[in-house]
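Raw contents of query37.cif, mmCIF, C-alpha atoms:
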```cif
data_query
#
loop_
_atom_site.label_atom_id
_atom_site.label_comp_id
_atom_site.auth_asym_id
_atom_site.auth_seq_id
_atom_site.Cartn_x
_atom_site.Cartn_y
_atom_site.Cartn_z
CA MET A 1 -59.01 -67.75 -136.72
CA THR A 2 -57.18 -64.41 -136.90
CA GLN A 3 -60.33 -62.68 -135.74
CA ARG A 4 -60.51 -64.93 -132.71
CA LEU A 5 -56.87 -64.26 -131.94
CA ILE A 6 -57.47 -60.52 -132.13
CA VAL A 7 -60.40 -60.86 -129.73
CA VAL A 8 -58.27 -62.86 -127.29
CA ILE A 9 -55.40 -60.36 -127.44
CA ALA A 10 -57.74 -57.40 -127.12
CA SER A 11 -59.50 -58.92 -124.10
CA LEU A 12 -56.13 -59.65 -122.48
CA LEU A 13 -55.13 -56.02 -122.95
CA PHE A 14 -58.30 -54.79 -121.30
CA THR A 15 -58.00 -57.04 -118.23
CA LEU A 16 -55.23 -54.75 -116.99
CA SER A 17 -57.83 -52.28 -115.78
CA ALA A 18 -59.16 -54.97 -113.42
CA PHE A 19 -56.01 -54.61 -111.31
CA ALA A 20 -57.08 -51.21 -109.94
CA ILE A 21 -56.52 -51.28 -106.20
CA ASP A 22 -59.69 -50.07 -104.56
CA THR A 23 -62.68 -50.58 -106.75
CA GLY A 24 -65.22 -49.11 -104.35
CA LYS A 25 -65.27 -45.50 -103.26
CA ALA A 26 -64.30 -44.57 -99.72
CA PHE A 27 -66.78 -41.71 -99.45
CA ASP A 28 -70.04 -40.86 -101.20
CA ASP A 29 -69.40 -37.15 -100.84
CA PRO A 30 -67.21 -36.19 -103.85
CA GLU A 31 -65.40 -33.52 -101.82
CA MET A 32 -64.46 -36.02 -99.10
CA GLN A 33 -63.47 -38.58 -101.75
CA ALA A 34 -61.17 -36.01 -103.39
CA ARG A 35 -59.59 -35.18 -100.01
CA TYR A 36 -59.18 -38.89 -99.30
CA GLU A 37 -57.52 -39.53 -102.64
CA ARG A 38 -55.15 -36.61 -102.15
CA LEU A 39 -54.20 -37.84 -98.66
CA ILE A 40 -53.51 -41.42 -99.74
CA ALA A 41 -51.50 -40.19 -102.72
CA GLU A 42 -49.30 -38.18 -100.33
CA THR A 43 -48.65 -41.05 -97.94
CA ARG A 44 -45.67 -43.29 -98.52
CA CYS A 45 -46.17 -47.02 -98.34
CA VAL A 46 -43.77 -48.16 -95.62
CA THR A 47 -43.05 -51.63 -97.01
CA CYS A 48 -42.82 -50.57 -100.64
CA GLN A 49 -41.09 -47.28 -100.20
CA ASN A 50 -41.29 -45.80 -103.66
CA GLN A 51 -45.04 -46.14 -103.89
CA SER A 52 -47.79 -44.17 -102.25
CA ILE A 53 -50.41 -46.12 -100.34
CA LYS A 54 -52.78 -45.16 -103.14
CA ASP A 55 -50.76 -47.19 -105.64
CA SER A 56 -49.80 -50.09 -103.45
CA ASN A 57 -51.67 -53.30 -102.82
CA ALA A 58 -49.43 -54.27 -99.90
CA PHE A 59 -51.66 -55.03 -96.96
CA ILE A 60 -50.08 -52.35 -94.75
CA ALA A 61 -51.07 -49.87 -97.45
CA ALA A 62 -54.61 -51.23 -97.32
CA ASP A 63 -54.60 -50.94 -93.51
CA LEU A 64 -53.36 -47.35 -93.69
CA ARG A 65 -56.01 -46.46 -96.28
CA ARG A 66 -58.62 -47.92 -93.96
CA GLU A 67 -57.23 -45.93 -91.00
CA ILE A 68 -57.23 -42.69 -93.01
CA GLN A 69 -60.80 -43.36 -94.09
CA ARG A 70 -61.76 -43.98 -90.45
CA LEU A 71 -60.04 -40.81 -89.19
CA MET A 72 -61.69 -38.74 -91.91
CA SER A 73 -65.14 -40.12 -91.18
CA GLU A 74 -64.52 -39.19 -87.53
CA GLY A 75 -64.15 -35.63 -88.80
CA LYS A 76 -60.37 -35.35 -88.36
CA SER A 77 -58.55 -32.63 -90.30
CA ASP A 78 -55.69 -33.24 -92.77
CA GLU A 79 -53.21 -32.11 -90.08
CA GLU A 80 -54.62 -34.61 -87.60
CA VAL A 81 -54.35 -37.40 -90.16
CA ALA A 82 -50.73 -36.40 -90.87
CA GLU A 83 -50.07 -36.31 -87.12
CA PHE A 84 -51.47 -39.85 -86.77
CA LEU A 85 -49.12 -41.13 -89.47
CA VAL A 86 -46.04 -39.24 -88.30
CA THR A 87 -46.32 -40.41 -84.66
CA ARG A 88 -46.24 -43.98 -85.89
CA TYR A 89 -43.91 -43.92 -88.88
CA GLY A 90 -42.02 -40.61 -88.74
CA ASP A 91 -41.82 -37.72 -91.20
CA PHE A 92 -40.61 -40.13 -93.88
CA VAL A 93 -44.15 -41.42 -94.36
CA LEU A 94 -45.35 -38.10 -95.80
CA TYR A 95 -44.31 -37.29 -99.35
CA ARG A 96 -44.61 -33.62 -98.42
CA PRO A 97 -42.91 -33.53 -95.02
CA ARG A 98 -44.04 -30.84 -92.60
CA MET A 99 -41.75 -27.96 -91.63
CA THR A 100 -40.12 -28.98 -88.38
CA GLY A 101 -36.64 -28.68 -86.93
CA LYS A 102 -35.73 -32.08 -88.34
CA THR A 103 -37.11 -31.53 -91.83
CA MET A 104 -35.98 -27.89 -92.13
CA LEU A 105 -32.87 -28.92 -94.07
CA LEU A 106 -35.03 -30.69 -96.68
CA TRP A 107 -37.00 -27.53 -97.30
CA ILE A 108 -34.14 -25.04 -97.18
CA ALA A 109 -31.38 -26.96 -98.97
CA PRO A 110 -32.79 -26.58 -102.54
CA PHE A 111 -33.11 -22.80 -102.14
CA ALA A 112 -29.66 -22.61 -100.58
CA PHE A 113 -28.22 -24.51 -103.57
CA ILE A 114 -29.95 -22.17 -106.02
CA LEU A 115 -28.65 -19.09 -104.17
CA PHE A 116 -25.18 -20.58 -104.16
CA ALA A 117 -25.41 -21.28 -107.90
CA ILE A 118 -26.55 -17.71 -108.65
CA PHE A 119 -23.75 -16.33 -106.50
CA ALA A 120 -21.17 -18.53 -108.25
CA PHE A 121 -22.59 -17.60 -111.67
CA ILE A 122 -22.35 -13.86 -110.93
CA ARG A 123 -18.79 -14.25 -109.71
CA VAL A 124 -17.73 -16.14 -112.80
CA LEU A 125 -19.49 -13.60 -115.03
CA ARG A 126 -17.81 -10.65 -113.32
CA HIS A 127 -14.46 -12.35 -113.54
CA ARG A 128 -14.92 -12.97 -117.29
CA MET A 129 -16.11 -9.40 -117.91
CA ALA A 130 -13.08 -8.08 -116.08
CA LEU A 131 -10.90 -10.31 -118.29
CA THR A 132 -12.46 -9.10 -121.55
CA MET A 133 -12.17 -5.48 -120.44
CA ASP A 134 -8.52 -6.07 -119.69
CA ASP A 135 -8.15 -7.57 -123.15
CA GLU A 136 -9.86 -4.54 -124.75
CA ALA A 137 -7.69 -2.21 -122.74
CA ALA A 138 -4.65 -4.22 -123.83
CA ASP A 139 -5.79 -4.20 -127.48
CA GLY A 140 -6.45 -0.47 -127.30
CA GLY A 141 -3.00 0.07 -125.84
CA ALA A 142 -1.38 -1.99 -128.59
CA ALA A 143 -3.16 -0.05 -131.33
CA GLN A 144 -1.93 3.30 -130.17
CA MET B 1 -3.10 -22.71 -105.09
CA ASN B 2 -5.95 -20.56 -103.83
CA LYS B 3 -7.90 -21.48 -106.94
CA TYR B 4 -8.12 -25.15 -105.87
CA LEU B 5 -8.75 -24.51 -102.19
CA ILE B 6 -12.55 -24.17 -102.30
CA PRO B 7 -13.20 -27.26 -104.48
CA LEU B 8 -10.76 -29.20 -102.31
CA ILE B 9 -12.61 -28.26 -99.13
CA ALA B 10 -15.94 -29.11 -100.79
CA VAL B 11 -14.69 -32.59 -101.78
CA VAL B 12 -13.18 -33.25 -98.33
CA VAL B 13 -16.50 -32.30 -96.69
CA LEU B 14 -18.69 -34.17 -99.18
CA ILE B 15 -16.87 -37.50 -99.28
CA PRO B 16 -17.56 -38.53 -95.66
CA ILE B 17 -21.21 -37.44 -96.03
CA LEU B 18 -21.62 -39.54 -99.16
CA ILE B 19 -19.89 -42.54 -97.56
CA LEU B 20 -22.27 -42.30 -94.60
CA GLY B 21 -25.16 -42.11 -97.05
CA LEU B 22 -24.03 -45.27 -98.82
CA GLN B 23 -23.80 -47.21 -95.59
CA SER B 24 -27.27 -46.42 -94.29
CA ASP B 25 -30.02 -48.77 -95.44
CA PRO B 26 -32.81 -46.68 -96.91
CA ARG B 27 -35.30 -49.50 -96.35
CA GLU B 28 -34.77 -49.40 -92.63
CA LEU B 29 -37.27 -47.16 -90.90
CA PRO B 30 -36.31 -46.04 -87.39
CA SER B 31 -38.96 -46.64 -84.75
CA GLN B 32 -40.62 -43.46 -83.51
CA TYR B 33 -41.03 -44.93 -80.03
CA ILE B 34 -37.43 -45.30 -78.86
CA GLY B 35 -37.28 -43.92 -75.29
CA LYS B 36 -41.02 -43.36 -75.29
CA PRO B 37 -43.85 -45.31 -73.65
CA ALA B 38 -44.87 -48.35 -75.68
CA PRO B 39 -48.07 -47.66 -77.63
CA GLU B 40 -51.16 -48.76 -75.71
CA PHE B 41 -52.82 -51.98 -76.74
CA ASP B 42 -55.46 -54.23 -75.25
CA LEU B 43 -56.12 -57.37 -77.25
CA PRO B 44 -57.82 -60.74 -76.78
CA THR B 45 -55.24 -63.47 -76.42
CA LEU B 46 -54.70 -65.90 -79.25
CA LYS B 47 -55.38 -68.96 -77.11
CA ASP B 48 -58.45 -67.70 -75.26
CA PRO B 49 -60.55 -64.89 -76.78
CA GLN B 50 -62.06 -64.27 -73.33
CA LYS B 51 -58.69 -63.34 -71.82
CA ARG B 52 -56.83 -60.15 -72.65
CA VAL B 53 -53.24 -59.02 -72.89
CA SER B 54 -52.35 -55.34 -72.71
CA THR B 55 -49.58 -52.80 -72.16
CA ALA B 56 -50.25 -53.11 -68.40
CA ASP B 57 -48.86 -56.69 -68.52
CA LEU B 58 -45.50 -55.35 -69.67
CA ARG B 59 -44.94 -53.27 -66.53
CA GLY B 60 -42.50 -54.28 -63.83
CA GLN B 61 -40.18 -56.40 -65.99
CA VAL B 62 -37.90 -56.11 -68.96
CA SER B 63 -39.62 -57.89 -71.81
CA LEU B 64 -39.71 -58.46 -75.55
CA VAL B 65 -42.69 -57.74 -77.74
CA ASN B 66 -42.49 -59.82 -80.89
CA ILE B 67 -44.66 -59.13 -83.92
CA TRP B 68 -45.35 -62.34 -85.82
CA ALA B 69 -47.72 -64.04 -88.21
CA THR B 70 -48.00 -67.42 -89.88
CA TRP B 71 -47.70 -65.84 -93.35
CA CYS B 72 -44.31 -64.39 -92.47
CA ALA B 73 -41.29 -66.43 -93.56
CA GLY B 74 -38.89 -64.54 -91.28
CA CYS B 75 -41.05 -65.49 -88.31
CA ARG B 76 -40.55 -69.17 -89.00
CA ALA B 77 -36.82 -68.52 -89.35
CA GLU B 78 -36.59 -66.92 -85.91
CA HIS B 79 -39.00 -69.24 -84.12
CA ASN B 80 -36.38 -71.77 -83.03
CA PHE B 81 -34.31 -68.99 -81.54
CA LEU B 82 -37.33 -67.62 -79.66
CA MET B 83 -37.92 -71.13 -78.30
CA GLN B 84 -34.32 -71.18 -77.15
CA LEU B 85 -34.74 -67.84 -75.32
CA HIS B 86 -37.89 -69.26 -73.76
CA ARG B 87 -36.22 -72.49 -72.62
CA GLU B 88 -33.25 -70.64 -71.16
CA GLN B 89 -35.67 -68.21 -69.48
CA VAL B 90 -33.66 -65.27 -70.75
CA ILE B 91 -36.54 -62.80 -70.92
CA PRO B 92 -40.35 -62.95 -70.99
CA ILE B 93 -41.58 -62.70 -74.57
CA TYR B 94 -44.96 -61.18 -75.34
CA ALA B 95 -46.35 -61.27 -78.84
CA ILE B 96 -48.69 -59.54 -81.17
CA ASN B 97 -50.03 -62.01 -83.68
CA TRP B 98 -50.47 -59.60 -86.54
CA ARG B 99 -53.13 -59.88 -89.25
CA ASP B 100 -53.36 -63.60 -88.94
CA ASN B 101 -56.04 -66.26 -88.66
CA ARG B 102 -56.62 -67.84 -85.28
CA PRO B 103 -56.73 -71.57 -86.22
CA GLY B 104 -53.60 -71.25 -88.35
CA ALA B 105 -51.72 -69.39 -85.63
CA LEU B 106 -52.76 -71.88 -82.93
CA ASP B 107 -51.67 -74.70 -85.21
CA TRP B 108 -48.27 -73.06 -85.68
CA LEU B 109 -47.74 -72.78 -81.91
CA ALA B 110 -48.87 -76.37 -81.36
CA GLN B 111 -46.42 -77.63 -83.97
CA LEU B 112 -43.39 -75.41 -83.40
CA GLY B 113 -43.81 -74.68 -79.70
CA ASP B 114 -45.06 -71.58 -77.90
CA PRO B 115 -42.27 -69.29 -76.63
CA TYR B 116 -44.70 -66.54 -75.59
CA VAL B 117 -46.10 -65.55 -72.21
CA ALA B 118 -49.13 -64.41 -74.21
CA SER B 119 -49.94 -63.54 -77.81
CA GLY B 120 -52.38 -60.73 -78.48
CA PHE B 121 -54.58 -61.46 -81.48
CA ASP B 122 -54.49 -58.38 -83.75
CA GLU B 123 -56.71 -59.57 -86.56
CA GLU B 124 -57.32 -56.17 -88.18
CA GLY B 125 -53.73 -54.98 -87.84
CA ARG B 126 -54.68 -51.86 -85.86
CA VAL B 127 -52.16 -52.51 -83.07
CA GLY B 128 -49.47 -53.24 -85.66
CA ILE B 129 -50.03 -49.77 -87.13
CA ASP B 130 -50.08 -48.18 -83.65
CA TRP B 131 -46.67 -49.74 -83.02
CA GLY B 132 -45.33 -48.41 -86.33
CA VAL B 133 -44.74 -51.91 -87.66
CA TYR B 134 -43.71 -52.03 -91.32
CA GLY B 135 -43.05 -55.72 -91.74
CA ALA B 136 -42.97 -58.88 -89.68
CA PRO B 137 -41.08 -60.03 -87.76
CA GLU B 138 -40.21 -57.07 -85.58
CA THR B 139 -39.03 -57.25 -82.00
CA PHE B 140 -39.26 -54.49 -79.40
CA LEU B 141 -37.28 -54.37 -76.17
CA VAL B 142 -39.44 -52.82 -73.43
CA ASN B 143 -38.14 -51.83 -70.00
CA ALA B 144 -39.87 -52.19 -66.62
CA GLU B 145 -41.46 -48.75 -66.93
CA GLY B 146 -43.05 -49.82 -70.20
CA HIS B 147 -40.77 -47.70 -72.39
CA VAL B 148 -39.49 -48.95 -75.74
CA LEU B 149 -35.68 -49.12 -75.68
CA PHE B 150 -34.94 -50.74 -79.00
CA ARG B 151 -36.67 -52.16 -82.04
CA TYR B 152 -35.17 -54.76 -84.36
CA PRO B 153 -36.83 -55.30 -87.73
CA GLY B 154 -36.20 -58.78 -89.11
CA PRO B 155 -35.66 -62.29 -87.77
CA LEU B 156 -33.77 -62.71 -84.50
CA ASN B 157 -30.87 -65.11 -84.16
CA ARG B 158 -27.91 -65.65 -81.85
CA THR B 159 -25.71 -63.07 -83.60
CA VAL B 160 -28.35 -60.33 -83.54
CA TRP B 161 -29.12 -61.18 -79.94
CA ASP B 162 -25.50 -60.99 -78.79
CA GLN B 163 -24.86 -57.77 -80.68
CA GLU B 164 -28.05 -55.81 -80.19
CA PHE B 165 -30.13 -57.17 -77.33
CA ALA B 166 -27.79 -58.74 -74.78
CA PRO B 167 -25.70 -55.58 -74.12
CA ARG B 168 -28.84 -53.43 -73.70
CA ILE B 169 -30.40 -55.90 -71.26
CA LEU B 170 -27.13 -56.17 -69.35
CA GLU B 171 -27.05 -52.39 -69.03
CA LEU B 172 -30.55 -52.42 -67.55
CA LYS B 173 -29.64 -55.00 -64.96
CA GLN B 174 -26.64 -53.05 -63.71
#
```
Could you render the structure from this file as structure tokens?
Amino acid sequence: MTQRLIVVIASLLFTLSAFAIDTGKAFDDPEMQARYERLIAETRCVTCQNQSIKDSNAFIAADLRREIQRLMSEGKSDEEVAEFLVTRYGDFVLYRPRMTGKTMLLWIAPFAFILFAIFAFIRVLRHRMALTMDDEAADGGAAQ
Amino acid sequence: MNKYLIPLIAVVVLIPILILGLQSDPRELPSQYIGKPAPEFDLPTLKDPQKRVSTADLRGQVSLVNIWATWCAGCRAEHNFLMQLHREQVIPIYAINWRDNRPGALDWLAQLGDPYVASGFDEEGRVGIDWGVYGAPETFLVNAEGHVLFRYPGPLNRTVWDQEFAPRILELKQ
């Protein structure tokens, strides 16, 4: 009885792997397949916005995977595939948005924040050092 | 006093930005075609696979392009309102029947009424992707030159119509 139960539980655990989204490969060529998988992992699913189209089984995701596969088999480059997606859905659809006027802020802001933090840190440090030196000077003066 | 000036300015600048951020719906994706020519399509009609409906049919009139499917609950919700627009002859409505099955879609129109001048049958969903559709229903307002003026994602009703569509159409007629 317990053995049977274990078998049932174990088989239930292993069925999870059957939920993988695309079972078949898109390309026979391993290099193309790797490119394809990278592209679909970098494309946002538009109906399920926190998933890539690689991870989503929404049918728009399936349609977009099919379109990317079609464009790639037509010999289109990564940039052309990105262009195809951006014309239709905007920069938002790419997890790594391209550098354009509109997306410039996204790229620059983190570096600007870091620079600002370093600047603020140095200022605070200098201020503190000046304070301690004043204290030392004051201590020295008191000792004399 | 001077000590608090910079943080104060930072807070005063940040608060409106954050309030704006809270009000915008992150699920809403703006259409990339506003003010641009409507994406080309040429599809067999739902009713007669021999006939075709295309972007050329949209020229010369202000029209709606409605994306619908029988699997879409919002489409059923807006259907009565589309019928109303059709009966009152407010505006010609074209449709893209998106990723649907023909018998089911024909059945739907037979039962609920057909508000459309023509429905293009987009079985594979290619035209839907070309139009940047991310969920049905979606409704596009297209001007006489075939440019997209506005896109509304979600079911239409009287309130949405009066707020979003009617003023834009009125502006075109003036």
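Around Asp78 of chain A, within 9 Å and counting only C-alpha atoms, the residues found are A:Arg35, A:Leu39, A:Met72, A:Glu83, once anything fewer than 5 positions away on its own chain is removed.
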Apply the PyMOL selection byres ((chain B) within 9 of (chain A)) to the structure shown and report the selected residues as a PyMOL selection string. chain B and resi 26-27+29-33+124-126+129-135
Spatial neighbours of Ala77 of chain B, max dist 9 Å, only C-alpha atoms, sep filter under 2 positions, as a PyMOL selection string: chain B and resi 73-75+79-81+155-157
With distances taken over all atoms listed in the file, the candidate from A:Leu106, A:Ala130, A:Ala26, A:Ile114 nearest Ile40 of chain A is A:Ala26
Tell me, as an NGL selection string, which residues lie within 10 Å of segment 37-41 of chain B, counting only C-alpha atoms; anything in the same chain fewer than 4 positions away does not count. (:A and (88)) or (:B and (33 or 52-56 or 58 or 65 or 96 or 120 or 122 or 126-132 or 140-143 or 145-149))
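If you look at atom CA of Lys51 of chain B and atom CA of Trp68 of chain B, they are 19.4 Å away from each other.
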With the file shown as input, list the residues that the PyMOL selection byres ((chain A and resi 41) around 9) selects, as a list in words. Tyr36, Glu37, Arg38, Leu39, Ile40, Glu42, Thr43, Arg44, Gln51, Ser52, Ile53, Lys54, Asp55 and Tyr95 of chain A
Please put the answer as JSON: centre and edge lengths, in Å with one decimal, of a box along x, y and z that encloses all listed atoms of segment 135-138 of chain B plus 5 Å on each side.
```
{"center_x": -41.6, "center_y": -57.9, "center_z": -88.7, "size_x": 12.8, "size_y": 14.3, "size_z": 16.2}
```
Shell around Trp107 of chain A at 10 Å using all atoms listed in the file, local window under 6 positions removed, as number ranges by chain: A: 96-100
In Å and to one decimal, atom CA of Ala117 of chain A is distant from atom CA of Val12 of chain B by 19.6 Å
Pull out every residue that the PyMOL selection byres ((chain B and resi 102-114) around 10) matches in the shown coordinates and put them as a PyMOL selection string. chain B and resi 45-47+49+68-71+76+79-80+82-83+86+97-101+115-119+121-123
Computed gap from atom CA of Leu64 of chain B to atom CA of Ile169 of chain B is 10.6 Å
Let me make sure I understand: among B:Val160, B:Leu20, B:Leu5, B:Ala136, which one has the smallest atom-to-atom distance to Cys72 of chain B if we use all atoms listed in the file? B:Ala136
Kindly write segment 31-59 of chain B with N, CA and C atoms to a file, as an mmCIF file, in the first residue's frame.
```cif
data_model
loop_
_atom_site.group_PDB
_atom_site.id
_atom_site.type_symbol
_atom_site.label_atom_id
_atom_site.label_comp_id
_atom_site.auth_asym_id
_atom_site.auth_seq_id
_atom_site.Cartn_x
_atom_site.Cartn_y
_atom_site.Cartn_z
ATOM 1 N N SER B 31 -0.662 52.106 -28.304
ATOM 2 C CA SER B 31 -0.521 51.644 -29.683
ATOM 3 C C SER B 31 0.612 52.401 -30.359
ATOM 4 N N GLN B 32 1.382 51.708 -31.168
ATOM 5 C CA GLN B 32 2.511 52.315 -31.876
ATOM 6 C C GLN B 32 2.052 53.011 -33.161
ATOM 7 N N TYR B 33 0.748 52.922 -33.452
ATOM 8 C CA TYR B 33 0.288 53.375 -34.773
ATOM 9 C C TYR B 33 -0.474 54.692 -34.728
ATOM 10 N N ILE B 34 -0.584 55.306 -33.537
ATOM 11 C CA ILE B 34 -1.346 56.549 -33.440
ATOM 12 C C ILE B 34 -0.734 57.604 -34.373
ATOM 13 N N GLY B 35 -1.581 58.152 -35.275
ATOM 14 C CA GLY B 35 -1.122 59.153 -36.228
ATOM 15 C C GLY B 35 -0.391 58.568 -37.421
ATOM 16 N N LYS B 36 -0.304 57.246 -37.460
ATOM 17 C CA LYS B 36 0.395 56.598 -38.573
ATOM 18 C C LYS B 36 -0.596 55.805 -39.425
ATOM 19 N N PRO B 37 -0.201 55.470 -40.659
ATOM 20 C CA PRO B 37 -1.102 54.662 -41.488
ATOM 21 C C PRO B 37 -1.417 53.328 -40.807
ATOM 22 N N ALA B 38 -2.672 52.916 -40.911
ATOM 23 C CA ALA B 38 -3.065 51.624 -40.338
ATOM 24 C C ALA B 38 -2.261 50.520 -41.005
ATOM 25 N N PRO B 39 -1.799 49.530 -40.233
ATOM 26 C CA PRO B 39 -1.022 48.441 -40.829
ATOM 27 C C PRO B 39 -1.807 47.749 -41.949
ATOM 28 N N GLU B 40 -1.106 47.430 -43.020
ATOM 29 C CA GLU B 40 -1.755 46.797 -44.172
ATOM 30 C C GLU B 40 -2.311 45.430 -43.791
ATOM 31 N N PHE B 41 -3.491 45.138 -44.293
ATOM 32 C CA PHE B 41 -3.990 43.765 -44.200
ATOM 33 C C PHE B 41 -4.851 43.477 -45.427
ATOM 34 N N ASP B 42 -4.954 42.223 -45.750
ATOM 35 C CA ASP B 42 -5.779 41.774 -46.860
ATOM 36 C C ASP B 42 -6.221 40.360 -46.499
ATOM 37 N N LEU B 43 -7.472 40.254 -46.050
ATOM 38 C CA LEU B 43 -7.936 38.972 -45.504
ATOM 39 C C LEU B 43 -9.199 38.500 -46.221
ATOM 40 N N PRO B 44 -9.415 37.172 -46.254
ATOM 41 C CA PRO B 44 -10.712 36.681 -46.719
ATOM 42 C C PRO B 44 -11.780 37.093 -45.719
ATOM 43 N N THR B 45 -12.994 37.369 -46.204
ATOM 44 C CA THR B 45 -14.028 37.744 -45.244
ATOM 45 C C THR B 45 -14.528 36.496 -44.524
ATOM 46 N N LEU B 46 -15.103 36.744 -43.365
ATOM 47 C CA LEU B 46 -15.607 35.652 -42.542
ATOM 48 C C LEU B 46 -16.756 34.946 -43.258
ATOM 49 N N LYS B 47 -17.638 35.733 -43.879
ATOM 50 C CA LYS B 47 -18.851 35.158 -44.459
ATOM 51 C C LYS B 47 -18.586 34.439 -45.773
ATOM 52 N N ASP B 48 -17.660 34.980 -46.569
ATOM 53 C CA ASP B 48 -17.389 34.391 -47.878
ATOM 54 C C ASP B 48 -15.881 34.358 -48.115
ATOM 55 N N PRO B 49 -15.266 33.184 -48.013
ATOM 56 C CA PRO B 49 -13.808 33.073 -48.150
ATOM 57 C C PRO B 49 -13.305 33.551 -49.515
ATOM 58 N N GLN B 50 -14.219 33.649 -50.494
ATOM 59 C CA GLN B 50 -13.812 34.103 -51.832
ATOM 60 C C GLN B 50 -13.615 35.625 -51.857
ATOM 61 N N LYS B 51 -14.372 36.327 -51.011
ATOM 62 C CA LYS B 51 -14.277 37.788 -50.993
ATOM 63 C C LYS B 51 -13.176 38.221 -50.038
ATOM 64 N N ARG B 52 -12.683 39.459 -50.243
ATOM 65 C CA ARG B 52 -11.599 39.926 -49.386
ATOM 66 C C ARG B 52 -11.932 41.295 -48.794
ATOM 67 N N VAL B 53 -11.339 41.565 -47.653
ATOM 68 C CA VAL B 53 -11.455 42.886 -47.049
ATOM 69 C C VAL B 53 -10.033 43.333 -46.717
ATOM 70 N N SER B 54 -9.735 44.598 -47.038
ATOM 71 C CA SER B 54 -8.347 45.049 -46.865
ATOM 72 C C SER B 54 -8.312 46.502 -46.414
ATOM 73 N N THR B 55 -7.097 46.992 -46.171
ATOM 74 C CA THR B 55 -6.896 48.375 -45.739
ATOM 75 C C THR B 55 -7.505 49.353 -46.748
ATOM 76 N N ALA B 56 -7.524 48.966 -48.040
ATOM 77 C CA ALA B 56 -8.064 49.843 -49.079
ATOM 78 C C ALA B 56 -9.533 50.168 -48.813
ATOM 79 N N ASP B 57 -10.276 49.210 -48.206
ATOM 80 C CA ASP B 57 -11.697 49.434 -47.918
ATOM 81 C C ASP B 57 -11.925 50.525 -46.881
ATOM 82 N N LEU B 58 -10.888 50.813 -46.097
ATOM 83 C CA LEU B 58 -11.037 51.798 -45.022
ATOM 84 C C LEU B 58 -10.935 53.233 -45.534
ATOM 85 N N ARG B 59 -10.382 53.397 -46.728
ATOM 86 C CA ARG B 59 -10.153 54.743 -47.269
ATOM 87 C C ARG B 59 -11.455 55.488 -47.569
#
```
